[in-house]
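Everything below concerns the one structure shown next.
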Amino acid sequence: MSKRILLGITGSIAAYKALDIARLLRQDGHDVQIVATRNALRFFPRLNAEIFTGHPVYVDLFDSSGSVRHVELASHSDLILIAPASADFLSKMALGLADDLLSAICLSTNSPILVAPAMEENMYFHPAVRENMKTLLSRGIREIPPETGPLASGKDGTGRLASPDAVKSAILSVIEHTQTWKGVRVLVSAGPTHEPIDPVRFIGNRSSGKMGYALAAACASRGAAVTLVSGPANLLPPPGVTFRSITSARELEMEMGKAFPSHDICFMTAAVADYRVKDPLAGKKKKDGKVWTLALVENPDILSSLSRMKTSQQYLVGFAAETVLDPKKLLEKLRKKGADMLLANDVSQPGIGFSSDTNELTMCLPDGQVISLGRHPKTVLAEKILDAVEKWGTLPNLVSDHEPSAHARRPPRG
Ligand SMILES: Cc1cc2nc3c(=O)[nH]c(=O)nc-3n(C[C@H](O)[C@H](O)[C@H](O)COP(=O)(O)O)c2cc1C
């Protein structure tokens, strides 16, 4: 199956080997677009690379064509491979710098990123590089570890760019991984709801939508057909996802009710307001020096109404924002709501949950299991949730066959 692969080449002595990788990927039918750092150009012949791939080699972030090149390249690539990845570039990625085309693409993409480091052994095992690699792995970036053998310095050691075959098989495993949800239709709700008070005011909550958007992106990258129904969130819908925008809980209930029957899996991630204003005002309320009392009525419980519609062929995942996590109460909630899985987070803890990039989730299953998924960036948690659905769900279309990324380990000395 042919993919659009963006091959990032950085300033390592091994950069010329990237052309062998490009050639192998092209032989397998993939479209390869090279983006190089300015320093990388010192290490490989640009013209050869353009002839091998049939595309110009892009370097510059700023371009006069009127397009936003880094966003276009990021969204048109199914997979990003940085090979070789220099120590310098790994640091930039870990820091989230975006001062050249390749680093800006790495920040802008929703596609999987693989890095194949190549450098001298002391560089590779330097604590700074190890720390950066750890950060990247924790964000879901996969490493294709370097090999051990003769290095450019003439010494033997670890740091040789992985062979084209090793790179190819790592890519294949990501491509296969990404297709494990092909044919599965996923519905995700995300973000807050806004309940109108008058034409200019509303009752909202602190949800950013990041968890739901990360789930939608992860499902899409595994090949699922995804519908994302979102409340007001300051986020771009992931590429390839069908997007519906809603504002209030009742609009969300309507959209979810319409869409639910035609989907196999539903992640009810939206932070739905429990209450709405009983009688929103038609005109803007002016100050009148008096106490203003609002009457609130309960909003519909969308998760419960979806669970009543659910067939045995569907899998429903609910989310709960709690200020105390009591496993017994969570299991009771799961049973009451009728969902197949409940993911709870403690929103009282600083640095996790609403609006943060990190979350800590506890998973509850109908058989009474309560499992911690740990504290991770939301993009990593999204993958863990999908892995859990593959493991605990009973959907016939899902195949669980992927491996966690290999972590670099220093070989014992002597
Ligand atoms: C001859 C030479 C070979 C180099 N080889 C490597 C290498 O294999 N790996 C690496 O991480 N850095 C290597 N460097 C250092 C990088 O080129 C340098 O850190 C540069 O800033 C990387 O730029 P980039 O990350 O923007 O591509 C080498 C430098 C020179 C002069």
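In the structure tokens, chains take the letters A, B, ... in the order shown, each chain's residues start at 1, and ligands count up from 1 in the order shown.
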Write out as a PyMOL selection string the residues lying within 12 Å of segment 344-347 of chain A, counting only C-alpha atoms and excluding same-chain residues fewer than 3 positions away.
chain A and resi 205-207+211+268-269+271+317-327+329-331+333-334+341+350-356+358-365+370-375+378+381+385
Using N, CA and C atoms, can you export the residues from the last selection as a tab-separated table (two decimals), in the first residue's frame?
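And here's result-v5.tsv as it stands now:
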chain	number	residue	atom	x	y	z
A	205	ASN	N	-16.84	25.52	30.30
A	205	ASN	CA	-15.92	24.84	31.23
A	205	ASN	C	-14.52	24.88	30.64
A	206	ARG	N	-13.56	24.37	31.38
A	206	ARG	CA	-12.15	24.56	30.99
A	206	ARG	C	-11.63	23.54	29.98
A	207	SER	N	-12.51	22.68	29.45
A	207	SER	CA	-12.02	21.68	28.50
A	207	SER	C	-11.44	22.35	27.25
A	211	MET	N	-7.82	16.16	24.37
A	211	MET	CA	-7.88	14.69	24.49
A	211	MET	C	-8.70	14.10	23.34
A	268	MET	N	-16.86	9.25	23.99
A	268	MET	CA	-17.65	10.40	24.44
A	268	MET	C	-16.73	11.27	25.32
A	269	THR	N	-15.83	11.98	24.64
A	269	THR	CA	-14.77	12.72	25.34
A	269	THR	C	-15.21	14.14	25.72
A	271	ALA	N	-16.63	17.48	27.26
A	271	ALA	CA	-16.97	17.86	28.64
A	271	ALA	C	-18.31	18.59	28.57
A	317	VAL	N	-17.19	4.26	24.81
A	317	VAL	CA	-16.20	4.66	25.83
A	317	VAL	C	-16.62	6.01	26.42
A	318	GLY	N	-16.75	6.05	27.74
A	318	GLY	CA	-17.12	7.30	28.41
A	318	GLY	C	-15.92	7.88	29.14
A	319	PHE	N	-15.97	9.18	29.38
A	319	PHE	CA	-14.91	9.87	30.15
A	319	PHE	C	-15.55	10.52	31.36
A	320	ALA	N	-14.82	10.54	32.46
A	320	ALA	CA	-15.35	11.18	33.66
A	320	ALA	C	-14.30	12.09	34.25
A	321	ALA	N	-14.66	13.34	34.46
A	321	ALA	CA	-13.76	14.28	35.14
A	321	ALA	C	-14.17	14.31	36.60
A	322	GLU	N	-13.29	13.83	37.48
A	322	GLU	CA	-13.64	13.71	38.89
A	322	GLU	C	-12.66	14.54	39.72
A	323	THR	N	-13.07	14.89	40.92
A	323	THR	CA	-12.12	15.56	41.82
A	323	THR	C	-11.59	14.57	42.87
A	324	VAL	N	-12.24	13.40	42.98
A	324	VAL	CA	-11.72	12.31	43.83
A	324	VAL	C	-11.90	11.02	43.02
A	325	LEU	N	-10.82	10.21	42.95
A	325	LEU	CA	-10.94	8.95	42.20
A	325	LEU	C	-11.12	7.78	43.15
A	326	ASP	N	-12.35	7.33	43.29
A	326	ASP	CA	-12.63	6.19	44.15
A	326	ASP	C	-13.03	5.03	43.23
A	327	PRO	N	-12.18	3.97	43.15
A	327	PRO	CA	-12.44	2.89	42.19
A	327	PRO	C	-13.86	2.32	42.29
A	329	LYS	N	-16.62	3.80	43.29
A	329	LYS	CA	-17.60	4.75	42.74
A	329	LYS	C	-17.49	4.82	41.20
A	330	LEU	N	-16.23	4.69	40.71
A	330	LEU	CA	-16.05	4.75	39.25
A	330	LEU	C	-16.73	3.54	38.59
A	331	LEU	N	-16.56	2.35	39.23
A	331	LEU	CA	-17.19	1.15	38.65
A	331	LEU	C	-18.72	1.28	38.69
A	333	LYS	N	-20.33	4.06	38.51
A	333	LYS	CA	-20.67	5.03	37.45
A	333	LYS	C	-20.68	4.34	36.08
A	334	LEU	N	-19.66	3.50	35.85
A	334	LEU	CA	-19.57	2.77	34.58
A	334	LEU	C	-20.83	1.93	34.36
A	341	MET	N	-16.40	1.04	28.61
A	341	MET	CA	-15.14	1.44	29.25
A	341	MET	C	-15.34	2.86	29.77
A	350	PRO	N	-2.95	19.56	39.81
A	350	PRO	CA	-2.38	20.55	38.89
A	350	PRO	C	-1.59	19.86	37.77
A	351	GLY	N	-1.59	20.47	36.59
A	351	GLY	CA	-0.77	19.98	35.47
A	351	GLY	C	-1.37	18.86	34.67
A	352	ILE	N	-2.56	18.36	35.05
A	352	ILE	CA	-3.18	17.32	34.22
A	352	ILE	C	-4.64	17.68	33.96
A	353	GLY	N	-5.22	16.99	32.99
A	353	GLY	CA	-6.64	17.16	32.72
A	353	GLY	C	-6.92	18.36	31.86
A	354	PHE	N	-7.98	19.09	32.19
A	354	PHE	CA	-8.47	20.20	31.36
A	354	PHE	C	-7.35	21.12	30.90
A	355	SER	N	-7.36	21.45	29.64
A	355	SER	CA	-6.48	22.42	28.97
A	355	SER	C	-4.99	22.08	29.00
A	356	SER	N	-4.58	21.10	29.83
A	356	SER	CA	-3.17	20.73	29.87
A	356	SER	C	-2.85	19.79	28.68
A	358	THR	N	-0.99	17.26	29.16
A	358	THR	CA	-0.76	15.97	29.82
A	358	THR	C	-2.03	15.56	30.55
A	359	ASN	N	-2.20	14.27	30.69
A	359	ASN	CA	-3.35	13.77	31.45
A	359	ASN	C	-2.93	12.49	32.18
A	360	GLU	N	-3.72	12.14	33.17
A	360	GLU	CA	-3.47	10.88	33.87
A	360	GLU	C	-4.83	10.18	33.94
A	361	LEU	N	-4.89	8.99	33.39
A	361	LEU	CA	-6.21	8.35	33.27
A	361	LEU	C	-6.26	7.02	34.01
A	362	THR	N	-7.44	6.75	34.58
A	362	THR	CA	-7.72	5.46	35.19
A	362	THR	C	-8.83	4.80	34.38
A	363	MET	N	-8.55	3.57	33.95
A	363	MET	CA	-9.51	2.88	33.08
A	363	MET	C	-10.33	1.88	33.88
A	364	CYS	N	-11.66	1.91	33.73
A	364	CYS	CA	-12.53	0.95	34.42
A	364	CYS	C	-13.27	0.13	33.38
A	365	LEU	N	-13.35	-1.17	33.64
A	365	LEU	CA	-14.01	-2.08	32.70
A	365	LEU	C	-15.17	-2.80	33.40
A	370	VAL	N	-9.84	-2.16	37.32
A	370	VAL	CA	-9.52	-0.73	37.37
A	370	VAL	C	-8.01	-0.63	37.11
A	371	ILE	N	-7.63	-0.04	35.98
A	371	ILE	CA	-6.22	-0.06	35.55
A	371	ILE	C	-5.75	1.38	35.32
A	372	SER	N	-4.57	1.70	35.85
A	372	SER	CA	-4.02	3.05	35.60
A	372	SER	C	-3.31	3.06	34.25
A	373	LEU	N	-3.62	4.04	33.43
A	373	LEU	CA	-2.90	4.19	32.16
A	373	LEU	C	-1.71	5.12	32.33
A	374	GLY	N	-1.56	5.67	33.53
A	374	GLY	CA	-0.41	6.51	33.84
A	374	GLY	C	-0.58	7.95	33.38
A	375	ARG	N	0.47	8.75	33.67
A	375	ARG	CA	0.46	10.18	33.29
A	375	ARG	C	1.32	10.36	32.05
A	378	LYS	N	-1.24	13.82	26.06
A	378	LYS	CA	-2.53	13.30	25.59
A	378	LYS	C	-2.40	12.49	24.31
A	381	LEU	N	-1.43	9.09	25.45
A	381	LEU	CA	-2.57	8.42	26.09
A	381	LEU	C	-3.59	7.96	25.05
A	385	ILE	N	-5.12	4.32	24.85
A	385	ILE	CA	-6.56	4.04	24.91
A	385	ILE	C	-6.96	3.13	23.74
Let's see if you can do this: from backbone DSSP, list all helix (DSSP H, G or I) residues in segment 58-111 of chain A, as an MDAnalysis selection string.
chainID A and resid 69:75 87:95 101:108
Any chance you can output those residues with C-alpha atoms as a CSV table (one decimal), in the first residue's frame?
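selection07.csv written:
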chain,number,residue,atom,x,y,z
A,69,ARG,CA,4.9,25.1,2.9
A,70,HIS,CA,5.5,23.5,6.3
A,71,VAL,CA,1.7,23.1,6.9
A,72,GLU,CA,1.1,21.7,3.4
A,73,LEU,CA,4.0,19.2,3.7
A,74,ALA,CA,3.0,18.2,7.2
A,75,SER,CA,-0.6,17.5,6.2
A,87,ALA,CA,22.1,15.0,17.7
A,88,ASP,CA,21.4,18.7,17.0
A,89,PHE,CA,18.1,18.0,15.3
A,90,LEU,CA,16.9,15.6,18.1
A,91,SER,CA,17.5,18.4,20.6
A,92,LYS,CA,15.5,20.8,18.4
A,93,MET,CA,12.6,18.3,18.3
A,94,ALA,CA,12.7,17.7,22.0
A,95,LEU,CA,12.6,21.5,22.6
A,101,LEU,CA,11.3,23.9,7.5
A,102,LEU,CA,11.9,20.4,8.8
A,103,SER,CA,11.5,21.2,12.5
A,104,ALA,CA,8.4,23.3,11.7
A,105,ILE,CA,6.9,20.3,9.8
A,106,CYS,CA,7.6,18.0,12.8
A,107,LEU,CA,5.6,20.3,15.0
A,108,SER,CA,2.8,20.7,12.5
Return the single residue from A:Leu47, A:Cys219, A:Leu161, A:Ala249 that is closest to ligand 1, with distances computed using only C-alpha atoms and all ligand atoms.
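Distance minimum relative to ligand 1 lands on A:Leu161.
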For Tyr213 of chain A, list every protein, DNA or RNA residue within 10 Å, evaluated using only C-alpha atoms, and leave out those in the same chain fewer than 3 positions away; present the list as a list in words.
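My list of contacting residues is Val188, Ser189, Ala190, Gly191, Ser208, Gly209, Lys210, Ala216, Ala217, Ala218, Cys219, Leu228, Val229, Ser230, Ala233, Leu235, Leu236, Pro237, Pro238, Val241, Thr269, Lys378, Thr379 and Ala382 of chain A.
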The selected residues should be written to file as an mmCIF file, in the first residue's frame (atoms: C-alpha atoms).
data_model
loop_
_atom_site.group_PDB
_atom_site.id
_atom_site.type_symbol
_atom_site.label_atom_id
_atom_site.label_comp_id
_atom_site.auth_asym_id
_atom_site.auth_seq_id
_atom_site.Cartn_x
_atom_site.Cartn_y
_atom_site.Cartn_z
ATOM 1 C CA VAL A 188 -15.531 11.134 18.840
ATOM 2 C CA SER A 189 -17.049 14.006 20.781
ATOM 3 C CA ALA A 190 -14.638 16.622 22.104
ATOM 4 C CA GLY A 191 -14.287 19.978 23.762
ATOM 5 C CA SER A 208 -9.616 22.422 25.607
ATOM 6 C CA GLY A 209 -10.690 19.478 23.439
ATOM 7 C CA LYS A 210 -7.075 18.219 23.249
ATOM 8 C CA ALA A 216 -9.583 11.412 16.605
ATOM 9 C CA ALA A 217 -6.073 11.846 15.127
ATOM 10 C CA ALA A 218 -4.883 8.510 16.541
ATOM 11 C CA CYS A 219 -7.939 6.639 15.173
ATOM 12 C CA LEU A 228 -15.345 14.359 15.217
ATOM 13 C CA VAL A 229 -18.166 16.324 16.852
ATOM 14 C CA SER A 230 -16.652 19.230 18.718
ATOM 15 C CA ALA A 233 -12.222 24.440 20.855
ATOM 16 C CA LEU A 235 -7.873 23.449 17.625
ATOM 17 C CA LEU A 236 -7.641 22.389 13.998
ATOM 18 C CA PRO A 237 -9.478 19.147 13.175
ATOM 19 C CA PRO A 238 -6.987 16.395 12.281
ATOM 20 C CA VAL A 241 -11.545 13.508 9.773
ATOM 21 C CA THR A 269 -14.773 12.723 25.339
ATOM 22 C CA LYS A 378 -2.530 13.300 25.592
ATOM 23 C CA THR A 379 -1.222 12.078 22.211
ATOM 24 C CA ALA A 382 -4.705 8.385 22.941
#
Quick one: contact table of segment 295-395 of chain A to segment 140-159 of chain A, 9 Å max, nearest atom pair and distance in Å to one decimal per residue, counting only C-alpha atoms, chain and number order, as a Markdown table?
| residue | atom | partner | partner_atom | distance |
| --- | --- | --- | --- | --- |
| A:Pro377 | CA | A:Gly140 | CA | 8.8 |
| A:Thr379 | CA | A:Gly140 | CA | 7.2 |
| A:Val380 | CA | A:Gly140 | CA | 5.5 |
| A:Glu383 | CA | A:Gly140 | CA | 8.3 |
Residues from the last selection, C-alpha atoms, saved as an mmCIF file, in the first residue's frame:
data_model
loop_
_atom_site.group_PDB
_atom_site.id
_atom_site.type_symbol
_atom_site.label_atom_id
_atom_site.label_comp_id
_atom_site.auth_asym_id
_atom_site.auth_seq_id
_atom_site.Cartn_x
_atom_site.Cartn_y
_atom_site.Cartn_z
ATOM 1 C CA PRO A 377 1.017 13.584 26.966
ATOM 2 C CA THR A 379 -1.222 12.078 22.211
ATOM 3 C CA VAL A 380 0.501 9.140 23.955
ATOM 4 C CA GLU A 383 -2.555 5.529 21.572
#
Go through segment 189-248 of chain A and collect every residue that DSSP, computed from the backbone, puts in strand (DSSP E or B); the answer should be as a list of chain:residue names.
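So the strand (DSSP E or B) residues in segment 189-248 of chain A would be A:Ser189, A:Ala190, A:Pro192, A:Glu195, A:Pro196, A:Phe202, A:Ile203, A:Ala225, A:Val226, A:Thr227, A:Leu228, A:Val229, A:Ser230, A:Thr242, A:Phe243, A:Arg244, A:Ser245.
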Using Å and a single decimal, report how far atom CA of Val167 of chain A sits from atom CA of Arg222 of chain A.
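Atom-to-atom, atom CA of Arg222 of chain A to atom CA of Val167 of chain A, that is 19.7 Å.
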Taking only C-alpha atoms and all ligand atoms into account, which residues are within 7 Å of ligand 1, as a PyMOL selection string?
chain A and resi 10-14+37-40+85-89+118-120
To one decimal place in Å, what is the distance between atom CA of Ile34 of chain A and atom CA of Gly240 of chain A?
22.7 Å
Which of A:Thr247, A:Val68, A:His376, A:Leu172 sits closest to Thr135 of chain A [using only C-alpha atoms]
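Closest residue, counting only C-alpha atoms: A:His376.
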Can you pull out every residue within 10 Å of Lys310 of chain A, counting only C-alpha atoms, but drop anything in the same chain fewer than 2 positions away, and send it as a list in words?
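The filter keeps Phe260, Pro261, Asp264, Ile265, Cys266, Ser304, Ser305, Leu306, Ser307, Arg308, Ser312, Gln313, Gln314, Tyr315, Leu316, Gly338 and Ala339 of chain A.
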Which residue out of A:His263, A:Asp100, A:Lys17, A:Lys3 has the minimum interatomic distance to Ala36 of chain A when only C-alpha atoms are used?
A:Asp100
